[in-house]
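Novice: Dropping in structure_1.cif, with mmCIF, C-alpha atoms.
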data_data
loop_
_atom_site.group_PDB
_atom_site.id
_atom_site.type_symbol
_atom_site.label_atom_id
_atom_site.label_comp_id
_atom_site.auth_asym_id
_atom_site.auth_seq_id
_atom_site.Cartn_x
_atom_site.Cartn_y
_atom_site.Cartn_z
ATOM 1 C CA ALA R 1367 0.000 0.000 0.000
ATOM 2 C CA ASN R 1368 1.019 3.613 -0.538
ATOM 3 C CA ASP R 1369 0.618 6.656 1.657
ATOM 4 C CA SER R 1370 -2.445 8.579 0.553
ATOM 5 C CA VAL R 1371 -0.691 11.938 0.879
ATOM 6 C CA TYR R 1372 2.889 11.313 -0.170
ATOM 7 C CA GLY R 1373 2.477 8.215 -2.301
ATOM 8 C CA THR R 1374 5.325 6.431 -0.531
ATOM 9 C CA PRO R 1375 5.178 2.762 0.445
ATOM 10 C CA VAL R 1376 3.484 1.997 3.764
ATOM 11 C CA PHE R 1377 4.262 -1.159 5.699
ATOM 12 C CA ARG R 1378 2.244 -2.865 8.422
ATOM 13 C CA LEU R 1379 4.499 -3.554 11.418
ATOM 14 C CA VAL R 1380 4.389 -7.163 12.551
ATOM 15 C CA ALA R 1381 7.316 -7.362 14.971
ATOM 16 C CA GLY R 1382 10.794 -6.002 15.558
ATOM 17 C CA ARG R 1383 12.784 -3.767 17.850
ATOM 18 C CA SER R 1384 13.073 -0.001 17.828
ATOM 19 C CA SER R 1385 14.429 3.067 19.576
ATOM 20 C CA CYS R 1386 14.634 6.834 19.175
ATOM 21 C CA PRO R 1387 11.678 6.682 19.190
ATOM 22 C CA TRP R 1388 10.257 3.377 20.249
ATOM 23 C CA GLU R 1389 7.532 2.102 17.893
ATOM 24 C CA ASP R 1390 4.423 0.454 19.289
ATOM 25 C CA GLY R 1391 4.446 -3.299 18.823
ATOM 26 C CA THR R 1392 8.221 -3.664 18.922
ATOM 27 C CA GLN R 1393 10.734 -4.476 21.609
ATOM 28 C CA HIS R 1394 12.266 -1.577 23.492
ATOM 29 C CA ARG R 1395 15.918 -1.425 22.479
ATOM 30 C CA GLU R 1396 16.496 1.026 25.331
ATOM 31 C CA GLY R 1397 15.437 0.863 28.957
ATOM 32 C CA VAL R 1398 16.946 2.247 32.152
ATOM 33 C CA GLN R 1399 16.731 1.806 35.892
ATOM 34 C CA LEU R 1400 18.445 4.127 38.373
ATOM 35 C CA LEU R 1401 18.790 3.254 42.074
ATOM 36 C CA SER R 1402 20.888 4.586 44.963
ATOM 37 C CA SER R 1403 22.487 2.765 47.883
ATOM 38 C CA THR R 1404 20.876 5.414 50.119
ATOM 39 C CA TYR R 1405 18.805 8.507 49.474
ATOM 40 C CA TYR R 1406 19.465 10.477 52.661
ATOM 41 C CA GLN R 1407 22.630 10.889 54.679
ATOM 42 C CA GLU R 1408 23.791 12.880 57.693
ATOM 43 C CA ALA R 1409 27.453 13.838 57.977
ATOM 44 C CA GLU R 1410 29.715 16.032 60.086
ATOM 45 C CA GLU R 1411 30.185 19.355 58.293
ATOM 46 C CA SER R 1412 33.836 18.737 57.348
ATOM 47 C CA SER R 1413 33.132 15.300 55.849
ATOM 48 C CA GLN R 1414 31.146 14.008 52.856
ATOM 49 C CA ALA R 1415 27.853 12.253 52.274
ATOM 50 C CA VAL R 1416 28.496 9.289 49.949
ATOM 51 C CA TYR R 1417 26.004 7.562 47.648
ATOM 52 C CA VAL R 1418 26.513 4.765 45.127
ATOM 53 C CA LEU R 1419 24.199 4.905 42.114
ATOM 54 C CA GLN R 1420 23.343 1.711 40.260
ATOM 55 C CA LEU R 1421 22.787 2.390 36.554
ATOM 56 C CA SER R 1422 21.014 -0.521 34.876
ATOM 57 C CA ASN R 1423 20.286 -1.319 31.222
ATOM 58 C CA THR R 1424 16.895 -3.039 30.805
ATOM 59 C CA SER R 1425 16.994 -3.380 26.995
ATOM 60 C CA GLU R 1426 14.263 -5.830 25.942
ATOM 61 C CA SER R 1427 16.252 -6.689 22.820
ATOM 62 C CA ASN R 1428 19.253 -7.794 24.901
ATOM 63 C CA GLU R 1429 21.596 -5.102 23.539
ATOM 64 C CA ASP R 1430 24.461 -3.232 25.162
ATOM 65 C CA MET R 1431 23.478 0.436 25.236
ATOM 66 C CA THR R 1432 25.026 3.805 26.022
ATOM 67 C CA TYR R 1433 23.227 6.205 28.343
ATOM 68 C CA ASP R 1434 23.930 9.549 29.977
ATOM 69 C CA LEU R 1435 23.942 10.320 33.705
ATOM 70 C CA VAL R 1436 23.063 13.987 34.226
ATOM 71 C CA PHE R 1437 22.886 16.172 37.342
ATOM 72 C CA ASP R 1438 20.256 18.921 37.319
ATOM 73 C CA HIS R 1439 22.034 22.040 38.584
ATOM 74 C CA THR R 1440 18.703 23.768 39.290
ATOM 75 C CA SER R 1441 18.148 21.249 42.104
ATOM 76 C CA ASN R 1442 21.174 22.672 43.954
ATOM 77 C CA PRO R 1443 20.319 26.323 44.718
ATOM 78 C CA SER R 1444 22.338 26.300 47.970
ATOM 79 C CA GLY R 1445 25.566 25.248 46.277
ATOM 80 C CA ALA R 1446 26.455 21.823 47.634
ATOM 81 C CA ILE R 1447 29.813 20.602 46.288
ATOM 82 C CA ILE R 1448 29.179 17.435 44.278
ATOM 83 C CA THR R 1449 31.381 14.883 42.522
ATOM 84 C CA ILE R 1450 30.655 11.932 40.248
ATOM 85 C CA GLY R 1451 33.361 9.294 40.262
ATOM 86 C CA GLY R 1452 35.737 11.717 41.985
ATOM 87 C CA SER R 1453 35.346 14.479 39.385
ATOM 88 C CA PRO R 1454 33.578 17.772 40.160
ATOM 89 C CA VAL R 1455 30.096 17.860 38.689
ATOM 90 C CA VAL R 1456 29.332 20.385 35.984
ATOM 91 C CA GLY R 1457 25.577 20.959 35.983
ATOM 92 C CA ASN R 1458 23.625 19.416 33.079
ATOM 93 C CA THR R 1459 26.813 17.980 31.541
ATOM 94 C CA PRO R 1460 26.234 14.312 30.575
ATOM 95 C CA TYR R 1461 28.462 11.581 31.995
ATOM 96 C CA THR R 1462 28.396 8.693 29.512
ATOM 97 C CA TYR R 1463 28.123 5.031 30.533
ATOM 98 C CA THR R 1464 28.035 2.027 28.210
ATOM 99 C CA ILE R 1465 26.126 -0.697 30.054
ATOM 100 C CA PRO R 1466 25.818 -4.369 29.023
ATOM 101 C CA ALA R 1467 22.392 -5.863 28.398
ATOM 102 C CA PHE R 1468 20.636 -6.611 31.690
ATOM 103 C CA GLY R 1469 23.777 -5.387 33.460
ATOM 104 C CA SER R 1470 24.699 -2.427 35.613
ATOM 105 C CA ALA R 1471 27.341 0.233 36.017
ATOM 106 C CA TYR R 1472 28.030 2.099 39.261
ATOM 107 C CA ALA R 1473 28.711 5.757 39.947
ATOM 108 C CA THR R 1474 29.934 7.047 43.317
ATOM 109 C CA ILE R 1475 28.445 10.417 44.240
ATOM 110 C CA THR R 1476 29.831 12.609 47.009
ATOM 111 C CA VAL R 1477 28.113 15.653 48.458
ATOM 112 C CA SER R 1478 30.023 18.171 50.585
ATOM 113 C CA LYS R 1479 28.759 21.226 52.427
ATOM 114 C CA GLY R 1480 28.611 24.419 50.390
ATOM 115 C CA PRO R 1481 29.394 27.956 51.571
ATOM 116 C CA SER R 1482 26.608 28.341 54.144
ATOM 117 C CA ALA R 1483 23.663 25.910 54.031
ATOM 118 C CA MET R 1484 23.684 22.818 56.234
ATOM 119 C CA GLN R 1485 20.889 20.924 54.460
ATOM 120 C CA TYR R 1486 20.478 20.004 50.778
ATOM 121 C CA ASN R 1487 17.245 18.357 49.652
ATOM 122 C CA ASN R 1488 16.288 16.546 46.450
ATOM 123 C CA LEU R 1489 19.502 16.815 44.462
ATOM 124 C CA LYS R 1490 18.343 15.387 41.135
ATOM 125 C CA PHE R 1491 20.251 12.853 39.027
ATOM 126 C CA THR R 1492 18.849 11.393 35.791
ATOM 127 C CA LEU R 1493 19.872 8.356 33.767
ATOM 128 C CA GLN R 1494 18.611 8.910 30.227
ATOM 129 C CA SER R 1495 18.749 7.885 26.606
ATOM 130 C CA GLN R 1496 20.974 9.951 24.349
ATOM 131 C CA CYS R 1497 18.197 10.317 21.763
ATOM 132 C CA ASP R 1498 14.785 9.631 23.342
ATOM 133 C CA ASP R 1499 13.509 11.824 26.171
ATOM 134 C CA GLN R 1500 10.871 9.184 26.999
ATOM 135 C CA VAL R 1501 13.592 6.832 28.262
ATOM 136 C CA SER R 1502 14.842 8.137 31.605
ATOM 137 C CA GLN R 1503 14.669 7.665 35.354
ATOM 138 C CA ASP R 1504 15.427 10.065 38.196
ATOM 139 C CA VAL R 1505 16.719 9.765 41.741
ATOM 140 C CA TYR R 1506 16.685 12.472 44.387
ATOM 141 C CA LEU R 1507 19.421 12.594 47.028
ATOM 142 C CA SER R 1508 19.398 14.611 50.249
ATOM 143 C CA ALA R 1509 22.114 15.426 52.790
ATOM 144 C CA LEU R 1510 22.166 17.052 56.227
ATOM 145 C CA PHE R 1511 25.426 18.334 57.684
ATOM 146 C CA TYR R 1512 25.955 19.067 61.373
ATOM 147 C CA LYS R 1513 28.511 20.663 63.679
ATOM 148 C CA THR R 1514 30.374 18.910 66.480
ATOM 149 C CA TYR R 1515 31.942 20.398 69.604
ATOM 150 C CA ASP R 1516 34.467 19.275 72.204
ATOM 151 C CA LEU R 1517 33.534 18.681 75.829
ATOM 152 C CA THR R 1518 36.743 18.677 77.878
ATOM 153 C CA VAL R 1519 36.394 16.998 81.286
ATOM 154 C CA THR R 1520 38.899 17.722 84.076
ATOM 155 C CA GLN R 1521 38.930 17.350 87.843
ATOM 156 C CA VAL R 1522 40.444 18.848 90.962
ATOM 157 C CA GLY R 1523 40.882 16.517 93.931
ATOM 158 C CA GLN R 1524 40.386 12.781 94.343
ATOM 159 C CA GLY R 1525 37.510 11.008 92.607
ATOM 160 C CA VAL R 1526 36.304 9.727 89.258
ATOM 161 C CA THR R 1527 34.111 11.285 86.589
ATOM 162 C CA TYR R 1528 31.972 10.107 83.730
ATOM 163 C CA PRO R 1529 32.862 10.830 81.014
ATOM 164 C CA GLY R 1530 36.442 10.391 82.144
ATOM 165 C CA ASN R 1531 39.048 13.103 82.030
ATOM 166 C CA GLY R 1532 39.897 14.116 78.482
ATOM 167 C CA VAL R 1533 38.319 15.508 75.328
ATOM 168 C CA ASN R 1534 35.016 14.076 74.135
ATOM 169 C CA ASN R 1535 33.395 15.058 70.838
ATOM 170 C CA TYR R 1536 29.611 15.401 70.499
ATOM 171 C CA ARG R 1537 27.124 16.467 67.882
ATOM 172 C CA GLU R 1538 25.688 19.958 68.307
ATOM 173 C CA GLY R 1539 22.555 19.897 70.452
ATOM 174 C CA SER R 1540 23.429 16.631 72.194
ATOM 175 C CA SER R 1541 22.482 16.266 75.855
ATOM 176 C CA VAL R 1542 25.408 14.801 77.829
ATOM 177 C CA TYR R 1543 25.191 13.491 81.393
ATOM 178 C CA LEU R 1544 28.079 14.235 83.735
ATOM 179 C CA TYR R 1545 28.610 12.241 86.912
ATOM 180 C CA ALA R 1546 31.194 12.654 89.679
ATOM 181 C CA SER R 1547 32.021 10.141 92.418
ATOM 182 C CA PRO R 1548 34.479 11.045 95.211
ATOM 183 C CA ALA R 1549 37.259 8.755 96.349
ATOM 184 C CA ALA R 1550 37.310 7.451 99.934
ATOM 185 C CA GLY R 1551 37.997 10.281 102.349
ATOM 186 C CA ASN R 1552 36.736 12.893 99.886
ATOM 187 C CA GLU R 1553 33.433 14.468 99.004
ATOM 188 C CA PHE R 1554 32.063 16.021 95.852
ATOM 189 C CA GLN R 1555 31.908 19.806 95.968
ATOM 190 C CA LYS R 1556 30.752 21.115 92.567
ATOM 191 C CA TRP R 1557 30.864 21.031 88.796
ATOM 192 C CA ILE R 1558 31.943 24.124 86.928
ATOM 193 C CA VAL R 1559 30.770 23.903 83.313
ATOM 194 C CA GLY R 1560 31.882 26.908 81.325
ATOM 195 C CA SER R 1561 30.874 29.735 83.659
ATOM 196 C CA ASP R 1562 28.024 27.815 85.329
ATOM 197 C CA VAL R 1563 28.283 26.183 88.756
ATOM 198 C CA TYR R 1564 26.362 23.023 89.720
ATOM 199 C CA THR R 1565 26.321 21.412 93.153
ATOM 200 C CA ASP R 1566 24.678 18.158 92.065
ATOM 201 C CA ALA R 1567 27.080 15.310 91.326
ATOM 202 C CA SER R 1568 24.943 14.197 88.345
ATOM 203 C CA ILE R 1569 23.942 16.813 85.782
ATOM 204 C CA ALA R 1570 22.988 17.106 82.104
ATOM 205 C CA VAL R 1571 24.523 19.692 79.802
ATOM 206 C CA SER R 1572 23.542 20.671 76.267
ATOM 207 C CA ILE R 1573 26.395 20.849 73.761
ATOM 208 C CA THR R 1574 26.229 24.101 71.794
ATOM 209 C CA GLU R 1575 29.921 25.101 71.802
ATOM 210 C CA ASN R 1576 33.367 23.870 72.854
ATOM 211 C CA ILE R 1577 33.236 23.752 76.633
ATOM 212 C CA THR R 1578 35.180 22.573 79.693
ATOM 213 C CA ALA R 1579 33.573 20.811 82.654
ATOM 214 C CA THR R 1580 35.595 20.510 85.873
ATOM 215 C CA ALA R 1581 34.605 18.363 88.868
ATOM 216 C CA TYR R 1582 35.857 19.525 92.278
ATOM 217 C CA PHE R 1583 36.470 17.110 95.132
ATOM 218 C CA VAL R 1584 37.643 18.075 98.623
ATOM 219 C CA ALA R 1585 38.898 16.064 101.580
ATOM 220 C CA THR R 1586 35.979 15.302 103.866
ATOM 221 C CA THR R 1587 35.864 17.060 107.244
ATOM 222 C CA ALA R 1588 33.547 14.494 108.817
ATOM 223 C CA THR R 1589 34.997 11.823 111.107
ATOM 224 C CA GLN R 1590 35.328 8.520 109.286
ATOM 225 C CA TYR R 1591 34.292 5.287 111.000
ATOM 226 C CA SER R 1592 34.616 1.676 109.953
ATOM 227 C CA LEU R 1593 31.765 -0.790 110.370
ATOM 228 C CA ASN R 1594 32.712 -4.451 110.726
ATOM 229 C CA VAL R 1595 29.909 -6.966 110.331
ATOM 230 C CA SER R 1596 30.157 -10.598 111.465
ATOM 231 C CA VAL R 1597 27.638 -13.429 111.424
ATOM 232 C CA THR R 1598 27.201 -16.125 114.081
ATOM 233 C CA GLY R 1599 25.127 -19.118 113.128
ATOM 234 C CA ASN R 1600 23.231 -19.580 109.915
ATOM 235 C CA GLY R 1601 22.100 -16.489 108.033
ATOM 236 C CA THR R 1602 23.253 -13.555 106.024
#
Taking this structure as input, can you express it in the form of structure tokens?
Specialist:
Amino acid sequence: ANDSVYGTPVFRLVAGRSSCPWEDGTQHREGVQLLSSTYYQEAEESSQAVYVLQLSNTSESNEDMTYDLVFDHTSNPSGAIITIGGSPVVGNTPYTYTIPAFGSAYATITVSKGPSAMQYNNLKFTLQSQCDDQVSQDVYLSALFYKTYDLTVTQVGQGVTYPGNGVNNYREGSSVYLYASPAAGNEFQKWIVGSDVYTDASIAVSITENITATAYFVATTATQYSLNVSVTGNGT
């Protein structure tokens, strides 16, 4: 048969495979699946959030295919620093992957804190055909960065503290319990935490900055006695 307008031959499709674009009734030469090892991460502000993307080729015609991985720069208004495979990401620039039929390739993504923001939501990555905008899949990655501060514990006098003497690192906003126990012949006097004074041996402090906590013990002034207990007969 011929086309009624152009007079060119017209064929009735029975079967086959097609792409760019896909034709109804044929196998899809192209097909993609994009997954991430995780979609949300929290990291200390000087470190990186790390994601591993799995790029899969789902070609129905069992063909090796080449696809593009693209980062949408408009999804990053706060300026997170992003790499793909160790190289800095250039927004909307395609990163090409040739993937075997029914196989996968992997891309390691790192996200680092930008100039000011601490949270980055829905950073968009797309695995797509090089010639058919109907063949694509997106993932959205999010990262939260946080500060940490040092709590330095010291003591004056004889006793033990928890945490022990030294520098302990905590996430900003953490609530940390401090406990002081005097040695024999001593008594607990006070905690000094920053510029605050506490007379309870067990206290909770909120970590919002680098801070020093010092426990003070003094020799007891009370007379010390020993109690010896003995048992005669059966009993405890």
Novice: Using all atoms listed in the file, which residue out of R:Val1584, R:Ile1447, R:Val1456, R:Cys1497 lies closest to Gly1551 (chain R)?
Specialist: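 For Gly1551 (chain R), the nearest of the candidates is R:Val1584.
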Novice: Just checking: using all atoms listed in the file, which residue out of R:Gly1452, R:Gly1539, R:Gly1523, R:Pro1387 ends up closest to Lys1556 (chain R)?
Specialist: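 Closest to Lys1556 (chain R), using all atoms listed in the file: R:Gly1523.
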Novice: If I take CA of Tyr1506 (chain R) and CA of Ile1475 (chain R), how far is one from the other in Å, to one decimal?
Specialist: 11.9 Å
Novice: Using all atoms listed in the file for the distances, tell me which of R:Leu1507, R:Ile1573, R:Ala1471, R:Ile1465 is nearest to Asp1438 (chain R).
Specialist: R:Leu1507
Novice: Can you spell out as a list in words the set of residues that the PyMOL selection byres ((chain R and resi 1544) around 6) selects in the structure I just provided?
Specialist: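 When the PyMOL selection byres ((chain R and resi 1544) around 6) is applied to the shown file, the picked residues are Tyr1528, Tyr1543, Tyr1545, Ser1568 and Ile1569 of chain R.
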Novice: Which residue is closest to Thr1459 (chain R)? Choose from R:Ser1482, R:Asn1428, R:Thr1492, R:Ser1422 and count all atoms listed in the file.
Specialist: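 Looking only at the distances to Thr1459 (chain R), the closest residue turns out to be R:Thr1492.
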Novice: My list of candidates is R:Ala1549, R:Ala1585, R:Ala1415, R:Ala1409. Which is closest to Phe1511 (chain R) when distances are computed with all atoms listed in the file?
Specialist: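 Closest residue, counting all atoms listed in the file: R:Ala1409.
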Novice: Exactly which residues make up the result of the PyMOL selection byres ((chain R and resi 1458) around 10) on this file, given as JSON, numbers by chain?
Specialist: {"R": [1435, 1436, 1437, 1438, 1439, 1440, 1455, 1456, 1457, 1459, 1460, 1461, 1491, 1492]}
Novice: Got time to write the residues from that selection, C-alpha atoms, as a compact mmCIF listing (two decimals), keeping the file's coordinate frame?
Specialist:
# COMPACT_ATOMS: atom_id res chain seq x y z
CA LEU R 1435 23.94 10.32 33.70
CA VAL R 1436 23.06 13.99 34.23
CA PHE R 1437 22.89 16.17 37.34
CA ASP R 1438 20.26 18.92 37.32
CA HIS R 1439 22.03 22.04 38.58
CA THR R 1440 18.70 23.77 39.29
CA VAL R 1455 30.10 17.86 38.69
CA VAL R 1456 29.33 20.39 35.98
CA GLY R 1457 25.58 20.96 35.98
CA THR R 1459 26.81 17.98 31.54
CA PRO R 1460 26.23 14.31 30.58
CA TYR R 1461 28.46 11.58 32.00
CA PHE R 1491 20.25 12.85 39.03
CA THR R 1492 18.85 11.39 35.79
Novice: If we count all atoms listed in the file and set the cut-off at 10 Å, which residues sit around Ser1547 (chain R), ignoring sequence neighbours fewer than 3 positions away in its own chain? Please answer as a PyMOL selection string.
Specialist: chain R and resi 1524-1528+1550+1552-1554+1567-1568+1581+1583
Novice: Applying 12 Å and only C-alpha atoms, which residues near Gly1451 (chain R) remain after dropping the ones on its own chain fewer than 3 positions away? List them as a PyMOL selection string.
Specialist: chain R and resi 1416-1419+1435+1448+1454-1455+1461-1463+1471-1477
Novice: Name the residues captured by the PyMOL selection byres ((chain R and resi 1406) around 10) when it is applied to the shown file; answer as a PDB file with C-alpha atoms, in the coordinates of the input.
Specialist:
ATOM      1  CA  SER R1402      20.888   4.586  44.963  1.00  0.00           C
ATOM      2  CA  SER R1403      22.487   2.765  47.883  1.00  0.00           C
ATOM      3  CA  THR R1404      20.876   5.414  50.119  1.00  0.00           C
ATOM      4  CA  TYR R1405      18.805   8.507  49.474  1.00  0.00           C
ATOM      5  CA  GLN R1407      22.630  10.889  54.679  1.00  0.00           C
ATOM      6  CA  GLU R1408      23.791  12.880  57.693  1.00  0.00           C
ATOM      7  CA  ALA R1415      27.853  12.253  52.274  1.00  0.00           C
ATOM      8  CA  VAL R1416      28.496   9.289  49.949  1.00  0.00           C
ATOM      9  CA  TYR R1417      26.004   7.562  47.648  1.00  0.00           C
ATOM     10  CA  TYR R1486      20.478  20.004  50.778  1.00  0.00           C
ATOM     11  CA  ASN R1487      17.245  18.357  49.652  1.00  0.00           C
ATOM     12  CA  ASN R1488      16.288  16.546  46.450  1.00  0.00           C
ATOM     13  CA  TYR R1506      16.685  12.472  44.387  1.00  0.00           C
ATOM     14  CA  LEU R1507      19.421  12.594  47.028  1.00  0.00           C
ATOM     15  CA  SER R1508      19.398  14.611  50.249  1.00  0.00           C
ATOM     16  CA  ALA R1509      22.114  15.426  52.790  1.00  0.00           C
ATOM     17  CA  LEU R1510      22.166  17.052  56.227  1.00  0.00           C
TER      18      LEU R1510
END
Novice: Record the distance separating CA of Ile1577 (chain R) and CA of Pro1481 (chain R), expressed in Å with one decimal.
Specialist: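 These two atoms are separated by 25.7 Å.
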Novice: From the set R:Arg1537, R:Lys1479, R:Arg1383, R:Lys1513, which residue has the shortest atom-to-atom contact distance to Ser1572 (chain R), counting all atoms listed in the file?
Specialist: R:Arg1537
Novice: Could you tell me how far CA of Thr1432 (chain R) sits from CA of Pro1466 (chain R), in Å to one decimal place?
Specialist: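 A separation of 8.7 Å between them.
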Novice: In file coordinates, which residues lie within 9 Å of (29.9, 28.2, 67.9) using all atoms listed in the file, given as a list in words?
Specialist: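 Using all atoms listed in the file, the matching residues come out as Lys1513, Tyr1515, Thr1574, Glu1575 and Asn1576 of chain R.
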